[in-house]
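Coordinates from work-v6.txt are shown below (compact mmCIF, C-alpha atoms).
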# COMPACT_ATOMS: atom_id res chain seq x y z
CA MET A 304 9.27 113.56 136.56
CA ILE A 305 12.78 112.42 137.46
CA PRO A 306 13.36 108.69 136.83
CA GLN A 307 14.96 106.42 139.43
CA ASN A 308 18.70 105.65 139.30
CA THR A 309 19.53 108.58 137.05
CA LEU A 310 21.60 111.73 137.25
CA SER A 311 19.79 114.96 136.46
CA LEU A 312 21.78 118.12 135.94
CA ILE A 313 20.20 121.51 136.69
CA VAL A 314 22.02 124.27 134.83
CA GLY A 315 21.59 128.01 134.51
CA PRO A 316 23.26 131.32 135.24
CA ASN A 317 23.72 132.79 138.73
CA GLY A 318 20.38 133.66 140.30
CA ALA A 319 18.41 131.38 137.95
CA GLY A 320 16.77 129.60 140.91
CA LYS A 321 18.77 126.35 140.88
CA THR A 322 19.41 126.23 144.65
CA THR A 323 15.81 127.36 145.29
CA LEU A 324 14.63 124.40 143.20
CA LEU A 325 16.79 121.95 145.22
CA GLU A 326 15.55 123.37 148.51
CA THR A 327 11.96 123.21 147.26
CA ILE A 328 12.43 119.54 146.33
CA LEU A 329 13.63 118.89 149.91
CA GLY A 330 10.67 120.80 151.36
CA LEU A 331 12.91 123.45 152.94
CA LEU A 332 11.06 126.03 150.84
CA LYS A 333 7.38 125.86 150.01
CA PRO A 334 6.36 126.08 146.34
CA LYS A 335 4.03 128.96 145.41
CA ARG A 336 1.88 126.43 143.60
CA GLY A 337 2.08 122.76 142.69
CA THR A 338 3.39 119.84 144.73
CA VAL A 339 6.64 117.94 145.20
CA LYS A 340 6.51 114.16 145.51
CA ILE A 341 9.54 112.05 146.37
CA PHE A 342 9.27 108.25 146.28
CA GLY A 343 5.49 108.77 146.10
CA TYR A 344 5.35 110.84 149.29
CA ASP A 345 3.93 114.37 149.25
CA MET A 346 6.62 116.64 150.74
CA ARG A 347 3.99 118.89 152.35
CA GLU A 348 3.02 116.01 154.63
CA LYS A 349 5.98 113.66 154.87
CA ALA A 350 9.01 115.95 154.49
CA GLN A 351 10.80 114.91 157.68
CA PHE A 352 10.35 111.20 156.93
CA VAL A 353 11.50 111.49 153.29
CA ARG A 354 14.52 113.65 154.17
CA LYS A 355 15.96 110.73 156.16
CA MET A 356 16.35 108.91 152.83
CA CYS A 357 17.99 111.92 151.15
CA SER A 358 21.37 113.63 151.37
CA TYR A 359 22.10 117.24 150.56
CA LEU A 360 25.43 118.87 149.80
CA PRO A 361 24.80 122.61 150.14
CA GLN A 362 26.56 125.31 148.15
CA ASP A 363 27.48 127.42 151.20
CA PHE A 364 29.42 124.77 153.13
CA MET A 365 32.43 126.87 154.20
CA LYS A 366 32.98 127.15 157.95
CA SER A 367 35.05 129.74 159.78
CA SER A 368 38.39 128.83 161.33
CA ASP A 369 36.95 128.80 164.88
CA GLU A 370 34.38 126.10 164.03
CA PRO A 371 34.84 123.61 166.90
CA PHE A 372 33.70 120.35 165.25
CA LEU A 373 36.20 117.72 164.13
CA VAL A 374 36.02 116.30 160.60
CA LYS A 375 34.89 112.87 161.83
CA GLU A 376 32.18 114.46 164.01
CA VAL A 377 30.80 116.42 161.04
CA VAL A 378 30.55 113.25 158.96
CA ALA A 379 28.99 111.33 161.88
CA MET A 380 26.25 113.99 162.09
CA GLY A 381 25.01 112.63 158.76
CA ILE A 382 24.31 109.26 160.38
CA ALA A 383 23.16 110.67 163.73
CA SER A 384 20.06 112.26 162.21
CA ASN A 385 18.86 108.76 161.22
CA ARG A 386 19.48 107.16 164.61
CA ASP A 387 17.37 107.11 167.79
CA PHE A 388 18.25 110.18 169.91
CA GLY A 389 21.07 110.83 167.41
CA ARG A 390 23.28 108.14 169.02
CA VAL A 391 26.15 107.00 166.79
CA LYS A 392 27.21 103.37 167.34
CA GLU A 393 30.49 101.53 166.81
CA GLU A 394 29.56 100.26 163.32
CA ASP A 395 28.47 103.81 162.37
CA TRP A 396 31.97 105.10 163.11
CA LYS A 397 33.36 102.46 160.75
CA MET A 398 31.07 103.86 158.05
CA VAL A 399 32.28 107.38 158.86
CA TYR A 400 35.94 106.40 158.35
CA LYS A 401 35.04 104.50 155.15
CA ALA A 402 33.27 107.56 153.71
CA LEU A 403 36.24 109.76 154.60
CA GLU A 404 38.61 107.28 152.97
CA LEU A 405 36.47 107.28 149.83
CA VAL A 406 36.89 111.03 149.37
CA GLY A 407 40.55 110.95 150.41
CA MET A 408 40.09 112.73 153.72
CA LEU A 409 40.73 109.94 156.24
CA GLU A 410 44.03 111.42 157.45
CA PHE A 411 42.20 114.65 158.39
CA SER A 412 39.53 112.94 160.52
CA GLU A 413 40.82 114.35 163.84
CA ARG A 414 41.25 117.92 162.55
CA PRO A 415 38.74 120.74 163.21
CA ILE A 416 36.82 121.31 159.97
CA GLY A 417 37.37 125.07 160.13
CA LYS A 418 41.11 124.57 159.76
CA LEU A 419 40.76 122.89 156.36
CA SER A 420 40.86 124.53 152.94
CA GLY A 421 37.68 125.12 150.91
CA GLY A 422 38.23 122.06 148.72
CA GLN A 423 38.95 119.83 151.73
CA GLN A 424 35.82 121.08 153.51
CA GLN A 425 33.75 120.32 150.41
CA LYS A 426 35.09 116.76 150.35
CA VAL A 427 34.18 116.33 154.05
CA MET A 428 30.65 117.55 153.33
CA LEU A 429 30.46 115.10 150.44
CA ALA A 430 31.52 112.31 152.82
CA ARG A 431 28.72 113.39 155.16
CA ALA A 432 26.24 113.13 152.29
CA LEU A 433 27.55 109.70 151.24
CA VAL A 434 27.69 108.15 154.71
CA ARG A 435 23.88 108.34 154.90
CA LYS A 436 23.61 105.91 151.96
CA PRO A 437 20.93 108.08 150.38
CA LYS A 438 18.28 107.01 147.88
CA LEU A 439 18.20 110.58 146.61
CA LEU A 440 21.33 112.72 146.55
CA LEU A 441 21.07 116.47 145.97
CA LEU A 442 24.34 118.16 145.09
CA ASP A 443 24.59 121.94 144.86
CA GLU A 444 27.69 122.95 142.88
CA PRO A 445 29.66 119.96 144.24
CA PHE A 446 32.80 120.77 142.24
CA SER A 447 33.03 124.48 143.03
CA SER A 448 36.14 124.19 145.25
CA LEU A 449 37.64 120.95 143.99
CA ASP A 450 40.80 120.41 141.98
CA LYS A 451 40.77 118.74 138.53
CA ASP A 452 41.62 115.23 139.77
CA SER A 453 38.96 115.27 142.47
CA ARG A 454 36.34 116.48 139.95
CA LYS A 455 37.29 113.68 137.59
CA PHE A 456 37.16 111.03 140.31
CA ILE A 457 33.75 112.14 141.55
CA SER A 458 32.09 112.59 138.15
CA GLU A 459 33.60 109.57 136.39
CA ASP A 460 33.96 107.08 139.22
CA LEU A 461 31.97 107.92 142.34
CA LEU A 462 28.68 109.17 140.88
CA PRO A 463 28.25 106.27 138.38
CA ARG A 464 28.88 103.80 141.23
CA LEU A 465 26.22 105.48 143.36
CA ILE A 466 23.68 105.25 140.55
CA ASP A 467 24.51 101.56 140.06
CA ASP A 468 23.84 101.07 143.77
CA GLY A 469 20.31 102.46 143.40
CA CYS A 470 20.78 106.18 144.11
CA THR A 471 19.08 108.97 142.18
CA ILE A 472 21.17 112.13 141.84
CA ILE A 473 20.08 115.70 141.19
CA MET A 474 23.03 118.00 140.65
CA VAL A 475 23.20 121.76 140.26
CA SER A 476 25.86 123.53 138.20
CA HIS A 477 26.17 127.03 136.80
CA ASP A 478 28.90 125.78 134.47
CA VAL A 479 27.05 124.57 131.36
CA ALA A 480 30.28 123.41 129.75
CA PHE A 481 30.95 120.88 132.51
CA ARG A 482 28.68 117.89 132.79
CA PRO A 483 29.29 114.35 134.03
CA LYS A 484 29.35 111.65 131.34
CA ILE A 485 26.53 109.69 132.95
CA CYS A 486 24.07 112.59 132.80
CA ASP A 487 20.51 111.43 131.87
CA LEU A 488 18.56 114.67 132.07
CA ILE A 489 19.47 118.34 131.72
CA VAL A 490 17.16 120.92 133.24
CA LYS A 491 17.85 124.48 132.06
CA MET A 492 16.71 127.34 134.31
CA GLU A 493 16.53 131.12 133.90
CA PHE A 494 14.87 133.84 135.99
CA GLY A 495 13.38 131.32 138.41
CA ARG A 496 11.76 129.17 135.70
CA ILE A 497 12.56 125.88 133.98
CA ILE A 498 12.96 126.85 130.33
CA GLU A 499 14.02 123.52 128.83
CA VAL A 500 14.32 119.84 129.78
CA ILE A 501 16.63 117.72 127.62
CA GLU A 502 16.60 113.93 127.85
CA ILE A 503 19.89 112.35 126.84
CA MET B 919 23.29 129.57 164.55
CA LYS B 920 22.80 133.01 165.99
CA LEU B 921 22.31 131.65 169.49
CA SER B 922 24.48 134.31 171.12
CA THR B 923 22.35 137.14 169.68
CA ILE B 924 19.17 135.35 170.75
CA ALA B 925 20.57 134.71 174.25
CA PHE B 926 21.53 138.39 174.49
CA THR B 927 17.95 139.42 173.72
CA MET B 928 16.59 136.80 176.10
CA ALA B 929 18.76 138.21 178.91
CA HIS B 930 17.22 141.63 178.42
CA ALA B 931 13.75 140.10 178.13
CA ALA B 932 14.32 138.52 181.54
CA LEU B 933 15.40 141.91 182.85
CA ALA B 934 12.25 143.59 181.51
CA GLY B 935 10.14 140.76 182.99
CA SER B 936 11.78 141.18 186.37
CA ALA B 937 11.20 144.95 186.25
CA LEU B 938 7.54 144.31 185.45
CA SER B 939 7.30 141.98 188.44
CA LEU B 940 8.43 144.88 190.66
CA LEU B 941 5.70 147.06 189.23
CA LEU B 942 3.00 144.41 189.67
CA GLY B 943 4.33 142.99 192.96
CA LEU B 944 4.77 139.48 191.47
CA ASN B 945 7.53 136.88 191.74
CA TYR B 946 10.42 138.05 189.56
CA LEU B 947 11.61 134.53 188.68
CA THR B 948 8.25 133.53 187.20
CA ILE B 949 7.80 136.70 185.15
CA GLY B 950 11.47 136.77 184.12
CA ILE B 951 11.37 133.16 182.87
CA LEU B 952 8.05 133.86 181.10
CA PHE B 953 9.53 136.86 179.24
CA ALA B 954 12.75 135.03 178.30
CA VAL B 955 11.03 131.86 177.13
CA LEU B 956 8.33 133.74 175.21
CA THR B 957 11.09 135.71 173.47
CA ALA B 958 12.80 132.46 172.49
CA ILE B 959 9.52 131.13 171.09
CA ILE B 960 8.42 134.23 169.16
CA LEU B 961 11.78 135.30 167.70
CA GLY B 962 11.89 132.73 164.89
CA PRO B 963 8.25 133.10 163.72
CA LEU B 964 8.54 136.90 164.08
CA SER B 965 11.56 137.11 161.77
CA ASP B 966 9.84 134.72 159.30
CA MET B 967 6.58 136.68 159.37
CA LEU B 968 8.19 140.12 158.95
CA ARG B 969 10.83 138.73 156.52
CA ILE B 970 13.67 140.27 158.49
CA SER B 971 16.85 138.57 159.70
CA LEU B 972 16.95 136.98 163.13
CA ASP B 973 19.65 139.51 164.08
CA THR B 974 17.42 142.46 163.19
CA ALA B 975 14.45 140.97 165.07
CA SER B 976 16.68 140.24 168.11
CA MET B 977 18.21 143.71 168.23
CA THR B 978 14.82 145.41 167.81
CA LEU B 979 13.35 143.38 170.66
CA PHE B 980 16.45 144.08 172.76
CA SER B 981 15.87 147.83 172.35
CA ILE B 982 12.18 147.47 173.21
CA TYR B 983 13.01 145.44 176.33
CA ASN B 984 15.53 148.04 177.50
CA ALA B 985 12.94 150.80 177.09
CA LEU B 986 10.31 148.71 178.88
CA THR B 987 12.71 147.96 181.76
CA PHE B 988 13.13 151.66 182.53
CA ILE B 989 9.42 152.40 182.12
CA PHE B 990 8.51 149.56 184.52
CA LEU B 991 11.14 150.67 187.03
CA ILE B 992 10.05 154.30 186.96
CA LEU B 993 6.41 153.29 187.38
CA SER B 994 7.22 150.92 190.27
CA PRO B 995 5.91 152.01 193.67
CA GLY B 996 8.29 153.58 196.23
CA PRO B 997 11.77 155.08 195.78
CA THR B 998 12.45 152.90 192.75
CA LEU B 999 16.02 153.30 191.55
CA SER B 1000 17.51 153.35 195.02
CA SER B 1001 15.53 150.41 196.38
CA GLU B 1002 17.29 147.14 197.27
CA LYS B 1003 15.03 145.07 195.01
CA VAL B 1004 15.82 147.14 191.92
CA GLY B 1005 19.51 147.06 192.78
CA GLY B 1006 19.31 143.27 193.00
CA ILE B 1007 17.77 143.00 189.53
CA LEU B 1008 20.00 145.56 187.80
CA TRP B 1009 23.36 144.95 189.48
CA GLY B 1010 22.88 141.63 191.26
CA SER B 1011 23.62 140.69 194.85
CA ILE B 1012 25.51 137.72 196.18
CA LEU B 1013 23.75 138.20 199.54
CA ALA B 1014 20.50 137.13 197.90
CA ILE B 1015 21.90 133.64 197.25
CA THR B 1016 20.40 131.20 199.75
CA PRO B 1017 21.13 127.45 200.20
CA THR B 1018 17.76 126.66 198.53
CA TYR B 1019 18.74 128.81 195.57
CA LEU B 1020 22.06 126.97 195.31
CA ILE B 1021 20.25 123.61 195.30
CA ILE B 1022 18.03 124.87 192.45
CA LEU B 1023 21.10 126.00 190.45
CA VAL B 1024 22.84 122.63 190.91
CA THR B 1025 19.64 120.77 189.92
CA ILE B 1026 19.28 122.88 186.77
CA SER B 1027 22.93 122.20 185.87
CA ILE B 1028 22.40 118.43 186.24
CA ILE B 1029 19.27 118.58 184.04
CA TYR B 1030 21.21 120.53 181.39
CA VAL B 1031 24.06 118.04 181.29
CA MET B 1032 21.58 115.13 181.04
CA ILE B 1033 19.64 116.74 178.17
CA LEU B 1034 22.84 117.57 176.30
CA HIS B 1035 24.10 114.00 176.81
CA ILE B 1036 20.87 112.39 175.58
CA PHE B 1037 20.30 114.59 172.54
CA TRP B 1038 23.95 115.42 171.71
CA GLY B 1039 23.86 113.84 168.22
CA ARG B 1040 20.94 116.02 167.14
CA ILE B 1041 21.93 119.19 169.02
CA SER B 1042 25.50 119.16 167.67
CA SER B 1043 24.18 118.78 164.12
CA ILE B 1044 21.91 121.81 164.62
CA LEU B 1045 24.72 123.86 166.16
CA PHE B 1046 26.96 123.03 163.19
CA ASP B 1047 24.46 123.86 160.44
CA PRO B 1048 20.73 124.09 161.22
CA ARG B 1049 19.71 124.26 157.55
CA LEU B 1050 21.62 121.08 156.71
CA ALA B 1051 20.30 119.35 159.84
CA GLU B 1052 16.76 120.20 158.70
CA ALA B 1053 17.55 118.87 155.22
CA GLU B 1054 18.63 115.59 156.85
CA GLY B 1055 15.34 115.19 158.69
CA VAL B 1056 16.17 116.62 162.13
CA ASN B 1057 13.30 118.43 163.87
CA VAL B 1058 15.34 121.64 164.17
CA LYS B 1059 12.58 123.79 165.67
CA PHE B 1060 11.90 121.34 168.50
CA TYR B 1061 15.55 121.02 169.60
CA THR B 1062 16.22 124.74 169.13
CA TYR B 1063 13.31 125.58 171.42
CA ILE B 1064 14.62 123.13 174.03
CA LEU B 1065 18.03 124.85 173.87
CA LEU B 1066 16.53 128.33 174.05
CA ILE B 1067 14.15 127.51 176.89
CA LEU B 1068 17.06 126.03 178.86
CA ALA B 1069 19.10 129.16 178.13
CA GLY B 1070 16.15 131.32 179.26
CA ILE B 1071 15.87 129.51 182.58
CA ALA B 1072 19.66 129.73 183.12
CA ILE B 1073 19.60 133.45 182.37
CA VAL B 1074 16.83 134.20 184.86
CA PHE B 1075 18.50 132.24 187.64
CA THR B 1076 21.86 133.93 186.98
CA LEU B 1077 20.13 137.32 187.03
CA LYS B 1078 20.15 137.30 190.83
CA ILE B 1079 23.94 136.97 190.97
CA THR B 1080 25.20 139.30 188.24
CA GLY B 1081 22.21 141.54 187.63
CA GLY B 1082 20.33 142.11 184.39
CA PHE B 1083 22.93 144.25 182.68
CA LEU B 1084 25.77 141.79 183.13
CA VAL B 1085 24.07 138.38 182.93
CA PHE B 1086 24.81 138.00 179.25
CA SER B 1087 28.48 138.83 179.83
CA LEU B 1088 28.84 135.99 182.33
CA LEU B 1089 27.28 133.58 179.82
CA PHE B 1090 29.19 134.86 176.81
CA ILE B 1091 32.75 135.67 177.94
CA PRO B 1092 33.64 132.19 179.33
CA SER B 1093 32.30 130.63 176.09
CA ALA B 1094 34.35 133.03 173.99
CA THR B 1095 37.43 132.20 176.07
CA SER B 1096 36.91 128.45 175.71
CA ILE B 1097 37.02 128.80 171.89
CA GLN B 1098 40.65 129.93 172.27
CA LEU B 1099 41.55 126.97 174.46
CA SER B 1100 39.82 123.93 172.99
CA ARG B 1101 39.40 122.42 169.55
CA SER B 1102 36.28 120.37 170.31
CA LEU B 1103 32.81 121.54 171.35
CA LYS B 1104 32.66 119.19 174.33
CA GLY B 1105 36.01 120.59 175.50
CA MET B 1106 34.67 124.11 175.06
CA ILE B 1107 31.61 123.36 177.20
CA LEU B 1108 33.81 121.94 179.98
CA ILE B 1109 36.37 124.77 179.84
CA SER B 1110 33.72 127.52 179.76
CA SER B 1111 32.11 126.01 182.88
CA ILE B 1112 35.48 125.99 184.66
CA ILE B 1113 36.24 129.58 183.60
CA GLY B 1114 32.75 130.68 184.65
CA GLY B 1115 33.29 129.13 188.09
CA LEU B 1116 36.83 130.51 188.40
CA SER B 1117 35.92 134.06 187.41
CA SER B 1118 32.89 133.99 189.74
CA THR B 1119 35.07 132.92 192.70
CA VAL B 1120 37.75 135.52 191.95
CA GLY B 1121 35.09 138.18 191.29
CA ILE B 1122 33.35 137.54 194.62
CA MET B 1123 36.67 137.74 196.51
CA ILE B 1124 37.61 141.04 194.82
CA SER B 1125 34.14 142.40 195.48
CA PHE B 1126 34.49 141.65 199.22
CA ILE B 1127 38.00 143.10 199.41
CA LEU B 1128 37.32 146.31 197.44
CA ASN B 1129 33.61 146.68 198.36
CA LEU B 1130 32.49 146.76 194.70
CA PRO B 1131 29.41 145.20 193.01
CA VAL B 1132 29.78 141.43 192.69
CA GLY B 1133 28.44 141.13 189.10
CA SER B 1134 30.86 143.74 187.78
CA CYS B 1135 33.85 142.11 189.49
CA ILE B 1136 32.92 138.67 188.11
CA VAL B 1137 32.60 140.01 184.55
CA ILE B 1138 35.88 141.95 184.75
CA GLY B 1139 37.58 138.78 186.05
CA ALA B 1140 36.15 136.75 183.13
CA ALA B 1141 37.12 139.45 180.63
CA THR B 1142 40.71 139.48 181.99
CA ILE B 1143 40.99 135.70 181.46
CA PHE B 1144 39.56 136.18 177.93
CA ALA B 1145 42.11 138.91 177.11
CA VAL B 1146 45.06 136.82 178.32
CA THR B 1147 43.99 133.68 176.44
CA SER B 1148 43.20 135.65 173.25
CA ILE B 1149 46.64 137.25 173.17
CA ALA B 1150 48.37 133.93 173.92
CA SER B 1151 46.24 132.14 171.31
CA SER B 1152 46.93 134.71 168.59
CA ILE B 1153 50.68 134.27 169.16
CA ILE B 1154 50.58 130.46 169.21
CA ARG B 1155 48.11 129.93 166.36
CA SER B 1156 49.42 132.42 163.81
CA ARG B 1157 49.18 130.96 160.28
CA THR B 1158 52.61 130.56 158.70
CA ILE B 1159 54.25 128.73 155.83
CA GLU B 1160 57.85 127.65 155.46
CA CYS B 1161 59.78 129.07 152.51
CA GLU B 1162 63.24 130.27 151.55
CA SER B 1163 62.16 133.59 150.07
CA ILE B 1164 59.22 135.19 148.25
CA GLU B 1165 59.96 137.66 145.49
CA VAL B 1166 57.59 139.51 143.21
CA GLU B 1167 59.27 140.83 140.10
CA SER B 1168 58.18 144.06 138.49
Would it be possible to restate this file's structure as structure tokens?
Amino acid sequence: MIPQNTLSLIVGPNGAGKTTLLETILGLLKPKRGTVKIFGYDMREKAQFVRKMCSYLPQDFMKSSDEPFLVKEVVAMGIASNRDFGRVKEEDWKMVYKALELVGMLEFSERPIGKLSGGQQQKVMLARALVRKPKLLLLDEPFSSLDKDSRKFISEDLLPRLIDDGCTIIMVSHDVAFRPKICDLIVKMEFGRIIEVIEI
Amino acid sequence: MKLSTIAFTMAHAALAGSALSLLLGLNYLTIGILFAVLTAIILGPLSDMLRISLDTASMTLFSIYNALTFIFLILSPGPTLSSEKVGGILWGSILAITPTYLIILVTISIIYVMILHIFWGRISSILFDPRLAEAEGVNVKFYTYILLILAGIAIVFTLKITGGFLVFSLLFIPSATSIQLSRSLKGMILISSIIGGLSSTVGIMISFILNLPVGSCIVIGAATIFAVTSIASSIIRSRTIECESIEVES
């Protein structure tokens, strides 16, 4: 049971099943047994509906240099999935630019995403996750390509603000030594199993 | 997305379907579309069920379709490989294009543009990253099937012009060229349409002048444009940094 407005950290070595757990929570993978409920909804029945309230920052976000989409278009896709026919309106674009500004990527909005560095692409994908104003945010190794200052800003400033605004965060990290200060729950995984849950 | 691999397999499915129509004496458009669309529908579930990658499933089906094409052609009644109908399916024939056929092609193009315009927000998200689109609540399967069915219909109708062996080339090469020339997907769609039209016109003219197969001339024309733009693009877009000197001390 993950409480509302908290940050839970899933830790474990490579291949422990952390990403599999995140994708199972989102209903992208089916559990062998048991059920996943988000906001009271069973993910076997209401996955598509619930996902509209969630954001996901995947681990494998890197795009090749010939990727044709512009940075602003990639962020707008986050909103489009919650709009009728995927139409993005004028006020949505304002939200796109605001999200890009928040992660320090506004000046790159007209660039193709494939032309950016790994860290810059990760920030764009974070902006895409944030622009949806999610109630549940799933982050898979969100700091893997970021520099020290960006890590500090996200873990000490951005994530606490999101939780204050009513968001629940589940974050995956293979780096046990690094954990955000606001962490409420640590879930330790090994060989595809949860071996320990620590409440802080 | 591995749409190009899927489209490649669908092109050969259409070819096998058309060959089967010769054997059974049926309309080649109907059977060709049926084969292409069924391939689009079964590919995903097939790769899930057998736990193999979509690429592996596509390439296996492609091989099967090639084998079936030759079996159907050999079993067809009459002097098969030299007949005009078989030639039309394998190599294409511009003489088979009638005004009615042209009207159908234009209508299909208009429908495509309308569907892309209406669903662009969702389709672009799927093209960028289908897994992430699914995680954000997009019905990925539904829109992917729409895209693939549209591609299947386009492939079958193009079959008559370029022939089964070259239909994929006409779809693929202009798209590959447009990647070199545009930075946005909408620009790429526009440019690939222009290059497709340009290479078709030039190909038809060369085919008339040199008395060569139309499909082959069109594809060689498209490939020439691709080669020129690729070379120019690699020169213009080379990645460089500015520095005084770089030294590595031993």
Inset, instruction - Would you kindly report the residues of chain A within 6 Å of chain B, using all atoms listed in the file, as an NGL selection string? - result: :A and (351 or 354-355 or 371-372 or 380 or 383-384 or 388-390)
Legend entry - Pick from A:Met474, A:Cys357, A:Ile498, A:Leu461 nearest to Lys436 (chain A), counting all atoms listed in the file: A:Cys357
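Take the candidates B:Thr1062, B:Asn1129, B:Ile1138, B:Thr1147 and check each one against Thr1095 (chain B) using only C-alpha atoms; the shortest distance goes to B:Thr1147.
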Inset, instruction - Quick one: everything within 6 Å of Gly417 (chain A), counting all atoms listed in the file, minus sequence neighbours fewer than 6 positions away in the same chain. Send it as a PyMOL selection string. - result: chain A and resi 366-368+370
Legend entry - Selection: 9 Å around Ile382 (chain A), all atoms listed in the file, excl. self and same-chain fewer than 5 positions, as a list in words: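 Listed by chain and then number, they are Gly389, Arg390, Val391, Asp395, Met398, Val399, Arg431, Val434 and Arg435 of chain A.
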Inset, instruction - Tell me, in Å to one decimal, how far CA of Val314 (chain A) is from CA of Glu493 (chain A). - result: 8.8 Å
Inset, instruction - Return the single residue from B:Met1032, B:Ile924, B:Val1132, B:Leu947 that is closest to Ser971 (chain B), with distances computed using all atoms listed in the file. - result: B:Ile924
Legend entry - Among listed residues B:Ala1014, B:Val1074, B:Ala1145, B:Ile1064, nearest Gly935 (chain B) (using only C-alpha atoms):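 Once distances to Gly935 (chain B) are computed over only C-alpha atoms, the minimum belongs to B:Val1074.
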Inset, instruction - May I ask which of the residues B:Ser1027, B:Thr1076, B:Ser976, B:Ser981 is the closest one to Gly1006 (chain B), counting all atoms listed in the file? - result: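 With all atoms listed in the file as the atom set, the closest residue is B:Thr1076.
Summary of the local environment: counting all atoms listed in the file, residues at most 12 Å from Ile982 (chain B), other than itself and those fewer than 6 positions away along its chain, are Thr927, Met928, His930, Ala931, Leu933, Ala934, Thr957, Ala975, Ser976, Phe988 and Ile989 of chain B.
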